[in-house]
>>> print(open('protein-v4.cif').read())   # mmCIF, N, CA and C atoms and all ligand atoms
data_protein
loop_
_atom_site.label_atom_id
_atom_site.label_comp_id
_atom_site.auth_asym_id
_atom_site.auth_seq_id
_atom_site.Cartn_x
_atom_site.Cartn_y
_atom_site.Cartn_z
N MET L 1 0.85 -1.19 0.00
CA MET L 1 0.00 0.00 0.00
C MET L 1 0.89 1.25 0.00
N ALA L 2 0.57 2.23 -0.82
CA ALA L 2 1.36 3.45 -0.88
C ALA L 2 1.21 4.25 0.41
N ALA L 3 2.16 5.14 0.66
CA ALA L 3 2.16 5.92 1.90
C ALA L 3 0.96 6.85 2.00
N ASN L 4 0.32 7.13 0.86
CA ASN L 4 -0.81 8.05 0.90
C ASN L 4 -2.14 7.31 1.01
N ARG L 5 -2.11 6.17 1.69
CA ARG L 5 -3.35 5.45 1.97
C ARG L 5 -3.53 5.30 3.48
N THR L 6 -4.79 5.26 3.89
CA THR L 6 -5.09 4.96 5.28
C THR L 6 -6.21 3.93 5.33
N PHE L 7 -6.45 3.40 6.52
CA PHE L 7 -7.47 2.38 6.70
C PHE L 7 -8.51 2.90 7.69
N THR L 8 -9.78 2.63 7.40
CA THR L 8 -10.84 3.04 8.32
C THR L 8 -11.85 1.93 8.53
N MET L 9 -12.51 1.97 9.68
CA MET L 9 -13.72 1.18 9.90
C MET L 9 -14.82 2.14 10.33
N ILE L 10 -16.01 1.93 9.81
CA ILE L 10 -17.21 2.54 10.37
C ILE L 10 -17.72 1.52 11.38
N LYS L 11 -17.74 1.93 12.64
CA LYS L 11 -17.94 0.98 13.75
C LYS L 11 -19.42 0.62 13.95
N PRO L 12 -19.69 -0.42 14.77
CA PRO L 12 -21.07 -0.91 14.91
C PRO L 12 -22.09 0.16 15.31
N ASP L 13 -21.70 1.13 16.15
CA ASP L 13 -22.68 2.14 16.58
C ASP L 13 -23.14 2.99 15.40
N ALA L 14 -22.20 3.39 14.55
CA ALA L 14 -22.53 4.25 13.41
C ALA L 14 -23.27 3.47 12.33
N PHE L 15 -22.85 2.21 12.13
CA PHE L 15 -23.53 1.36 11.14
C PHE L 15 -24.97 1.14 11.57
N GLU L 16 -25.17 0.76 12.84
CA GLU L 16 -26.51 0.48 13.37
C GLU L 16 -27.41 1.71 13.30
N ALA L 17 -26.83 2.87 13.51
CA ALA L 17 -27.61 4.12 13.49
C ALA L 17 -27.94 4.59 12.08
N GLY L 18 -27.43 3.89 11.08
CA GLY L 18 -27.71 4.28 9.69
C GLY L 18 -26.90 5.47 9.22
N ASN L 19 -25.71 5.64 9.82
CA ASN L 19 -24.87 6.79 9.46
C ASN L 19 -23.78 6.47 8.44
N THR L 20 -23.79 5.25 7.91
CA THR L 20 -22.74 4.87 6.95
C THR L 20 -22.71 5.82 5.76
N GLY L 21 -23.84 6.08 5.15
CA GLY L 21 -23.88 6.93 3.96
C GLY L 21 -23.39 8.34 4.24
N ALA L 22 -23.83 8.91 5.37
CA ALA L 22 -23.42 10.28 5.72
C ALA L 22 -21.92 10.35 5.97
N ILE L 23 -21.38 9.32 6.61
CA ILE L 23 -19.93 9.31 6.90
C ILE L 23 -19.14 9.15 5.61
N LEU L 24 -19.57 8.24 4.73
CA LEU L 24 -18.87 8.07 3.45
C LEU L 24 -18.94 9.35 2.63
N LYS L 25 -20.04 10.07 2.71
CA LYS L 25 -20.17 11.35 1.99
C LYS L 25 -19.13 12.35 2.52
N MET L 26 -18.98 12.43 3.83
CA MET L 26 -17.97 13.34 4.40
C MET L 26 -16.57 12.93 3.95
N ILE L 27 -16.32 11.62 3.92
CA ILE L 27 -14.99 11.12 3.51
C ILE L 27 -14.71 11.52 2.06
N GLU L 28 -15.68 11.31 1.18
CA GLU L 28 -15.46 11.64 -0.24
C GLU L 28 -15.37 13.15 -0.44
N GLU L 29 -16.19 13.90 0.26
CA GLU L 29 -16.15 15.36 0.10
C GLU L 29 -14.85 15.96 0.63
N ALA L 30 -14.17 15.23 1.52
CA ALA L 30 -12.88 15.69 2.03
C ALA L 30 -11.74 15.32 1.07
N GLY L 31 -12.06 14.66 -0.03
CA GLY L 31 -11.06 14.38 -1.06
C GLY L 31 -10.45 13.00 -1.01
N PHE L 32 -10.99 12.11 -0.18
CA PHE L 32 -10.48 10.74 -0.13
C PHE L 32 -11.15 9.89 -1.21
N LYS L 33 -10.35 9.04 -1.86
CA LYS L 33 -10.87 8.08 -2.82
C LYS L 33 -10.95 6.72 -2.12
N ILE L 34 -12.10 6.05 -2.25
CA ILE L 34 -12.26 4.72 -1.66
C ILE L 34 -11.63 3.70 -2.61
N VAL L 35 -10.58 3.02 -2.17
CA VAL L 35 -9.88 2.07 -3.04
C VAL L 35 -10.16 0.61 -2.68
N ALA L 36 -10.84 0.38 -1.56
CA ALA L 36 -11.34 -0.95 -1.20
C ALA L 36 -12.40 -0.73 -0.13
N MET L 37 -13.46 -1.55 -0.16
CA MET L 37 -14.50 -1.37 0.88
C MET L 37 -15.35 -2.63 0.98
N LYS L 38 -15.73 -2.98 2.20
CA LYS L 38 -16.69 -4.07 2.39
C LYS L 38 -17.43 -3.92 3.71
N ALA L 39 -18.64 -4.49 3.73
CA ALA L 39 -19.38 -4.63 4.97
C ALA L 39 -19.10 -6.03 5.50
N THR L 40 -18.86 -6.12 6.81
CA THR L 40 -18.56 -7.41 7.41
C THR L 40 -18.91 -7.36 8.89
N GLN L 41 -18.81 -8.47 9.58
CA GLN L 41 -18.96 -8.46 11.04
C GLN L 41 -17.82 -9.25 11.66
N LEU L 42 -17.13 -8.64 12.62
CA LEU L 42 -15.99 -9.27 13.27
C LEU L 42 -16.47 -10.26 14.31
N THR L 43 -15.71 -11.32 14.52
CA THR L 43 -15.90 -12.14 15.71
C THR L 43 -15.11 -11.50 16.84
N PRO L 44 -15.40 -11.85 18.11
CA PRO L 44 -14.58 -11.31 19.20
C PRO L 44 -13.09 -11.62 19.01
N ALA L 45 -12.79 -12.81 18.50
CA ALA L 45 -11.39 -13.20 18.32
C ALA L 45 -10.70 -12.35 17.25
N ILE L 46 -11.42 -12.08 16.16
CA ILE L 46 -10.83 -11.27 15.09
C ILE L 46 -10.67 -9.82 15.56
N ALA L 47 -11.67 -9.31 16.28
CA ALA L 47 -11.53 -7.96 16.84
C ALA L 47 -10.33 -7.91 17.79
N GLY L 48 -10.15 -8.96 18.57
CA GLY L 48 -9.02 -9.01 19.49
C GLY L 48 -7.69 -9.00 18.77
N LYS L 49 -7.65 -9.68 17.63
CA LYS L 49 -6.41 -9.71 16.83
C LYS L 49 -6.15 -8.32 16.24
N PHE L 50 -7.18 -7.71 15.71
CA PHE L 50 -7.00 -6.38 15.10
C PHE L 50 -6.49 -5.38 16.14
N TYR L 51 -7.04 -5.44 17.36
CA TYR L 51 -6.68 -4.47 18.39
C TYR L 51 -5.65 -5.04 19.38
N GLU L 52 -4.88 -6.02 18.94
CA GLU L 52 -3.92 -6.70 19.82
C GLU L 52 -2.96 -5.71 20.52
N VAL L 53 -2.63 -4.62 19.83
CA VAL L 53 -1.73 -3.62 20.40
C VAL L 53 -2.28 -3.05 21.71
N HIS L 54 -3.61 -3.14 21.90
CA HIS L 54 -4.24 -2.61 23.11
C HIS L 54 -4.52 -3.69 24.15
N LYS L 55 -3.96 -4.90 23.98
CA LYS L 55 -4.42 -6.02 24.82
C LYS L 55 -4.14 -5.85 26.31
N GLU L 56 -3.19 -5.00 26.67
CA GLU L 56 -2.94 -4.76 28.10
C GLU L 56 -3.80 -3.62 28.66
N ARG L 57 -4.54 -2.96 27.80
CA ARG L 57 -5.31 -1.80 28.26
C ARG L 57 -6.60 -2.25 28.96
N PRO L 58 -7.09 -1.48 29.94
CA PRO L 58 -8.29 -1.91 30.69
C PRO L 58 -9.55 -2.00 29.83
N PHE L 59 -9.56 -1.27 28.69
CA PHE L 59 -10.76 -1.27 27.86
C PHE L 59 -10.76 -2.36 26.78
N TYR L 60 -9.71 -3.19 26.75
CA TYR L 60 -9.54 -4.14 25.64
C TYR L 60 -10.70 -5.14 25.52
N ALA L 61 -11.10 -5.77 26.60
CA ALA L 61 -12.16 -6.78 26.54
C ALA L 61 -13.47 -6.16 26.07
N ASP L 62 -13.82 -5.02 26.64
CA ASP L 62 -15.05 -4.33 26.23
C ASP L 62 -14.97 -3.92 24.76
N LEU L 63 -13.80 -3.47 24.34
CA LEU L 63 -13.62 -3.04 22.95
C LEU L 63 -13.87 -4.21 21.98
N CYS L 64 -13.33 -5.38 22.32
CA CYS L 64 -13.52 -6.56 21.46
C CYS L 64 -14.99 -6.98 21.43
N THR L 65 -15.67 -6.90 22.56
CA THR L 65 -17.10 -7.22 22.60
C THR L 65 -17.89 -6.23 21.75
N TYR L 66 -17.58 -4.95 21.96
CA TYR L 66 -18.29 -3.91 21.20
C TYR L 66 -18.03 -4.03 19.70
N MET L 67 -16.77 -4.21 19.30
CA MET L 67 -16.44 -4.22 17.86
C MET L 67 -16.99 -5.43 17.13
N SER L 68 -17.39 -6.47 17.89
CA SER L 68 -18.00 -7.65 17.27
C SER L 68 -19.51 -7.68 17.49
N SER L 69 -20.08 -6.59 17.98
CA SER L 69 -21.51 -6.57 18.35
C SER L 69 -22.45 -6.35 17.17
N GLY L 70 -21.91 -5.98 16.02
CA GLY L 70 -22.75 -5.74 14.85
C GLY L 70 -21.90 -5.49 13.63
N PRO L 71 -22.53 -5.29 12.47
CA PRO L 71 -21.77 -5.08 11.23
C PRO L 71 -20.93 -3.82 11.29
N ILE L 72 -19.88 -3.84 10.50
CA ILE L 72 -19.00 -2.68 10.30
C ILE L 72 -18.74 -2.51 8.80
N ILE L 73 -18.21 -1.36 8.44
CA ILE L 73 -17.63 -1.14 7.11
C ILE L 73 -16.14 -1.02 7.30
N ALA L 74 -15.37 -1.77 6.50
CA ALA L 74 -13.91 -1.62 6.46
C ALA L 74 -13.55 -1.03 5.11
N ALA L 75 -12.61 -0.08 5.08
CA ALA L 75 -12.25 0.56 3.80
C ALA L 75 -10.82 1.06 3.82
N ILE L 76 -10.22 1.06 2.65
CA ILE L 76 -8.92 1.70 2.43
C ILE L 76 -9.18 2.98 1.65
N LEU L 77 -8.58 4.06 2.14
CA LEU L 77 -8.80 5.40 1.57
C LEU L 77 -7.49 5.95 1.03
N GLU L 78 -7.57 6.67 -0.08
CA GLU L 78 -6.37 7.22 -0.69
C GLU L 78 -6.48 8.74 -0.83
N LYS L 79 -5.40 9.40 -0.49
CA LYS L 79 -5.34 10.87 -0.59
C LYS L 79 -3.90 11.27 -0.25
N ASP L 80 -3.42 12.38 -0.75
CA ASP L 80 -2.14 12.89 -0.26
C ASP L 80 -2.24 13.08 1.25
N ASN L 81 -1.20 12.68 1.96
CA ASN L 81 -1.17 12.88 3.42
C ASN L 81 -2.36 12.21 4.11
N ALA L 82 -2.72 11.01 3.63
CA ALA L 82 -3.98 10.37 4.03
C ALA L 82 -4.11 10.15 5.53
N VAL L 83 -3.06 9.63 6.18
CA VAL L 83 -3.18 9.27 7.60
C VAL L 83 -3.49 10.50 8.45
N GLU L 84 -2.69 11.55 8.28
CA GLU L 84 -2.88 12.76 9.10
C GLU L 84 -4.19 13.47 8.73
N ASP L 85 -4.46 13.58 7.43
CA ASP L 85 -5.69 14.28 7.02
C ASP L 85 -6.93 13.54 7.51
N TYR L 86 -6.87 12.20 7.50
CA TYR L 86 -8.05 11.45 7.95
C TYR L 86 -8.24 11.57 9.45
N ARG L 87 -7.15 11.59 10.20
CA ARG L 87 -7.28 11.76 11.65
C ARG L 87 -7.84 13.15 11.98
N ASN L 88 -7.49 14.13 11.17
CA ASN L 88 -8.08 15.46 11.36
C ASN L 88 -9.57 15.45 11.02
N LEU L 89 -9.95 14.69 9.99
CA LEU L 89 -11.36 14.62 9.60
C LEU L 89 -12.20 13.91 10.66
N ILE L 90 -11.64 12.87 11.31
CA ILE L 90 -12.45 12.12 12.27
C ILE L 90 -12.45 12.76 13.66
N GLY L 91 -11.39 13.48 14.03
CA GLY L 91 -11.36 14.13 15.34
C GLY L 91 -10.83 13.21 16.43
N ALA L 92 -10.78 13.73 17.65
CA ALA L 92 -10.18 13.03 18.79
C ALA L 92 -10.93 11.74 19.12
N THR L 93 -10.18 10.76 19.68
CA THR L 93 -10.76 9.46 20.07
C THR L 93 -11.99 9.65 20.95
N ASN L 94 -11.88 10.52 21.93
CA ASN L 94 -13.01 10.82 22.80
C ASN L 94 -13.84 11.93 22.15
N PRO L 95 -15.08 11.63 21.77
CA PRO L 95 -15.87 12.66 21.07
C PRO L 95 -16.06 13.94 21.88
N ALA L 96 -15.93 13.82 23.21
CA ALA L 96 -16.05 15.02 24.05
C ALA L 96 -14.93 16.01 23.73
N ASN L 97 -13.80 15.49 23.22
CA ASN L 97 -12.65 16.35 22.88
C ASN L 97 -12.53 16.61 21.39
N ALA L 98 -13.44 16.06 20.59
CA ALA L 98 -13.33 16.19 19.13
C ALA L 98 -13.77 17.59 18.68
N ALA L 99 -13.06 18.10 17.67
CA ALA L 99 -13.37 19.43 17.15
C ALA L 99 -14.73 19.44 16.45
N GLU L 100 -15.36 20.62 16.46
CA GLU L 100 -16.63 20.79 15.75
C GLU L 100 -16.47 20.40 14.28
N GLY L 101 -17.47 19.73 13.74
CA GLY L 101 -17.47 19.38 12.32
C GLY L 101 -16.75 18.10 12.00
N THR L 102 -16.08 17.48 12.99
CA THR L 102 -15.40 16.21 12.73
C THR L 102 -16.42 15.05 12.79
N ILE L 103 -16.05 13.93 12.18
CA ILE L 103 -16.96 12.78 12.11
C ILE L 103 -17.34 12.31 13.52
N ARG L 104 -16.34 12.23 14.40
CA ARG L 104 -16.66 11.75 15.76
C ARG L 104 -17.51 12.76 16.53
N LYS L 105 -17.25 14.05 16.33
CA LYS L 105 -18.07 15.05 17.02
C LYS L 105 -19.53 14.91 16.60
N ILE L 106 -19.74 14.63 15.32
CA ILE L 106 -21.11 14.57 14.79
C ILE L 106 -21.78 13.23 15.13
N PHE L 107 -21.03 12.12 15.01
CA PHE L 107 -21.68 10.80 15.04
C PHE L 107 -21.33 9.92 16.24
N ALA L 108 -20.22 10.17 16.94
CA ALA L 108 -19.81 9.24 18.00
C ALA L 108 -20.71 9.34 19.23
N LYS L 109 -20.88 8.18 19.90
CA LYS L 109 -21.73 8.13 21.09
C LYS L 109 -20.92 8.17 22.38
N SER L 110 -19.67 7.67 22.33
CA SER L 110 -18.82 7.59 23.53
C SER L 110 -17.38 7.36 23.10
N ILE L 111 -16.45 7.33 24.05
CA ILE L 111 -15.04 7.08 23.70
C ILE L 111 -14.88 5.69 23.09
N GLU L 112 -15.71 4.73 23.47
CA GLU L 112 -15.63 3.39 22.88
C GLU L 112 -16.43 3.34 21.58
N ALA L 113 -17.69 3.71 21.63
CA ALA L 113 -18.55 3.70 20.44
C ALA L 113 -18.34 5.03 19.71
N ASN L 114 -17.14 5.16 19.12
CA ASN L 114 -16.73 6.46 18.59
C ASN L 114 -16.80 6.54 17.06
N ALA L 115 -17.74 5.81 16.50
CA ALA L 115 -18.18 5.93 15.09
C ALA L 115 -17.20 5.39 14.06
N VAL L 116 -15.93 5.76 14.18
CA VAL L 116 -14.96 5.35 13.15
C VAL L 116 -13.59 5.06 13.77
N HIS L 117 -12.83 4.24 13.06
CA HIS L 117 -11.41 4.03 13.36
C HIS L 117 -10.61 4.66 12.23
N GLY L 118 -9.44 5.19 12.55
CA GLY L 118 -8.50 5.64 11.53
C GLY L 118 -7.09 5.26 11.93
N SER L 119 -6.30 4.77 10.97
CA SER L 119 -4.92 4.35 11.28
C SER L 119 -4.12 5.53 11.83
N ASP L 120 -3.14 5.21 12.71
CA ASP L 120 -2.35 6.28 13.33
C ASP L 120 -0.97 6.47 12.71
N SER L 121 -0.63 5.67 11.69
CA SER L 121 0.67 5.83 11.01
C SER L 121 0.59 5.14 9.65
N ASP L 122 1.51 5.49 8.76
CA ASP L 122 1.56 4.82 7.46
C ASP L 122 1.80 3.32 7.64
N GLU L 123 2.66 2.98 8.59
CA GLU L 123 2.98 1.56 8.83
C GLU L 123 1.72 0.81 9.27
N ASN L 124 0.97 1.37 10.21
CA ASN L 124 -0.24 0.70 10.67
C ASN L 124 -1.34 0.71 9.61
N ALA L 125 -1.36 1.73 8.75
CA ALA L 125 -2.33 1.74 7.65
C ALA L 125 -2.11 0.53 6.75
N GLU L 126 -0.87 0.23 6.48
CA GLU L 126 -0.53 -0.93 5.64
C GLU L 126 -0.92 -2.24 6.34
N ILE L 127 -0.58 -2.34 7.62
CA ILE L 127 -0.89 -3.56 8.38
C ILE L 127 -2.41 -3.75 8.47
N GLU L 128 -3.12 -2.69 8.79
CA GLU L 128 -4.57 -2.79 9.00
C GLU L 128 -5.31 -3.03 7.68
N GLY L 129 -4.87 -2.37 6.61
CA GLY L 129 -5.48 -2.60 5.30
C GLY L 129 -5.30 -4.05 4.87
N SER L 130 -4.09 -4.58 5.10
CA SER L 130 -3.80 -5.97 4.73
C SER L 130 -4.56 -6.96 5.59
N PHE L 131 -4.94 -6.54 6.80
CA PHE L 131 -5.71 -7.41 7.71
C PHE L 131 -7.07 -7.72 7.09
N PHE L 132 -7.63 -6.78 6.36
CA PHE L 132 -8.98 -6.93 5.80
C PHE L 132 -9.03 -7.22 4.31
N PHE L 133 -8.01 -6.81 3.55
CA PHE L 133 -8.10 -6.88 2.08
C PHE L 133 -6.86 -7.51 1.47
N SER L 134 -7.09 -8.44 0.52
CA SER L 134 -5.99 -8.95 -0.29
C SER L 134 -5.70 -7.95 -1.41
N GLN L 135 -4.59 -8.12 -2.09
CA GLN L 135 -4.24 -7.20 -3.19
C GLN L 135 -5.29 -7.24 -4.29
N PHE L 136 -6.03 -8.35 -4.41
CA PHE L 136 -7.02 -8.46 -5.48
C PHE L 136 -8.32 -7.71 -5.16
N GLU L 137 -8.46 -7.30 -3.90
CA GLU L 137 -9.68 -6.59 -3.49
C GLU L 137 -9.48 -5.09 -3.48
N ARG L 138 -8.31 -4.63 -3.89
CA ARG L 138 -8.02 -3.20 -3.88
C ARG L 138 -7.95 -2.68 -5.30
N ILE L 139 -8.27 -1.39 -5.46
CA ILE L 139 -8.09 -0.73 -6.74
C ILE L 139 -6.63 -0.28 -6.77
N GLY L 140 -5.85 -0.82 -7.66
CA GLY L 140 -4.46 -0.40 -7.80
C GLY L 140 -3.55 -1.01 -6.76
P1 LIG M 201 -9.78 3.45 17.86
O1 LIG M 201 -9.24 4.67 17.22
O2 LIG M 201 -10.44 2.46 16.98
O3 LIG M 201 -8.60 2.71 18.67
C1 LIG M 201 -8.78 2.02 19.89
C2 LIG M 201 -10.19 2.06 20.37
O4 LIG M 201 -10.39 1.71 21.73
C3 LIG M 201 -10.70 3.50 20.30
O5 LIG M 201 -10.84 3.91 18.97
C4 LIG M 201 -11.98 3.37 21.12
O6 LIG M 201 -13.05 2.83 20.35
C5 LIG M 201 -11.62 2.33 22.16
N1 LIG M 201 -11.47 2.87 23.51
C6 LIG M 201 -12.27 2.58 24.55
N2 LIG M 201 -11.86 3.21 25.65
C7 LIG M 201 -10.77 3.91 25.34
C8 LIG M 201 -9.89 4.75 26.08
N3 LIG M 201 -10.07 5.02 27.36
N4 LIG M 201 -8.85 5.31 25.41
C9 LIG M 201 -8.66 5.05 24.09
N5 LIG M 201 -9.47 4.24 23.35
C10 LIG M 201 -10.52 3.67 23.96
#
>>> encode(input="protein-v4.cif", output="structure tokens")
Amino acid sequence: MAANRTFTMIKPDAFEAGNTGAILKMIEEAGFKIVAMKATQLTPAIAGKFYEVHKERPFYADLCTYMSSGPIIAAILEKDNAVEDYRNLIGATNPANAAEGTIRKIFAKSIEANAVHGSDSDENAEIEGSFFFSQFERIG
């Protein structure tokens, strides 16, 4: 995956609330191109593997339960400076601290049910994109 790609999930709270279309609209209007996308549902074990980096954190078990509680959208997004620009678009992890107009400020319900995930580095964007998509499922 090129350095100008990032990985996102629309999480179960936002999917269940019917906010997928509105969030994808914000993503496209911010200049991101969707280069891979699917709807799926994680098992607790797969959610645990995806968030393994957080396994020592007190919220890890709840996070795995929550992330496997309903369908999600997984997608790879392309744009210059994708990782940083996408984190600016989604806002702070805790929606209480997210800037006005960001995806989490508008759609997130709590620090856990925070509407979307966004990769925090180019390296993790590659790892996370590869977790969900083979090279044949991506555009380019
Ligand atoms: P995300 O950006 O997907 O990365 C880790 C996730 O853990 C985070 O969003 C939240 O959904 C969840 N989480 C729950 N509690 C916390 C917390 N106290 N600090 C950070 N992340 C948390």
>>> closest_residue(input="protein-v4.cif", among="L:Arg5, L:Glu78, L:Ile46, L:Pro12", to="Gly31 of chain L", atoms="only N, CA and C atoms")
L:Glu78
>>> atom_distance(input="protein-v4.cif", atom1="atom C of Ile27 of chain L", atom2="atom N of Tyr60 of chain L")
29.2 Å
>>> closest_atom_pairs(input="protein-v4.cif", of="chain L", to="ligand LIG 201 (chain M)", cutoff="5 Å", atoms="only N, CA and C atoms and all ligand atoms", output="CSV")
residue,atom,partner,partner_atom,distance
L:Ile111,C,M:LIG201,C4,4.2
L:Glu112,C,M:LIG201,O6,3.6
L:Ala113,N,M:LIG201,O6,4.9
L:Asn114,N,M:LIG201,O6,4.9
L:His117,CA,M:LIG201,O2,4.1
L:Gly118,N,M:LIG201,O1,4.7
>>> atom_distance(input="protein-v4.cif", atom1="atom CA of Asp13 of chain L", atom2="atom CA of Arg104 of chain L")
11.4 Å
>>> select_by_dssp(input="protein-v4.cif", residues="chain L", states="strand (DSSP E or B)", output="list in words")
Arg5, Thr6, Phe7, Thr8, Met9, Ile10, Lys33, Ile34, Val35, Ala36, Met37, Lys38, Ala39, Thr40, Ile72, Ile73, Ala74, Ala75, Ile76, Leu77, Glu78, Val116, His117 and Gly118 of chain L
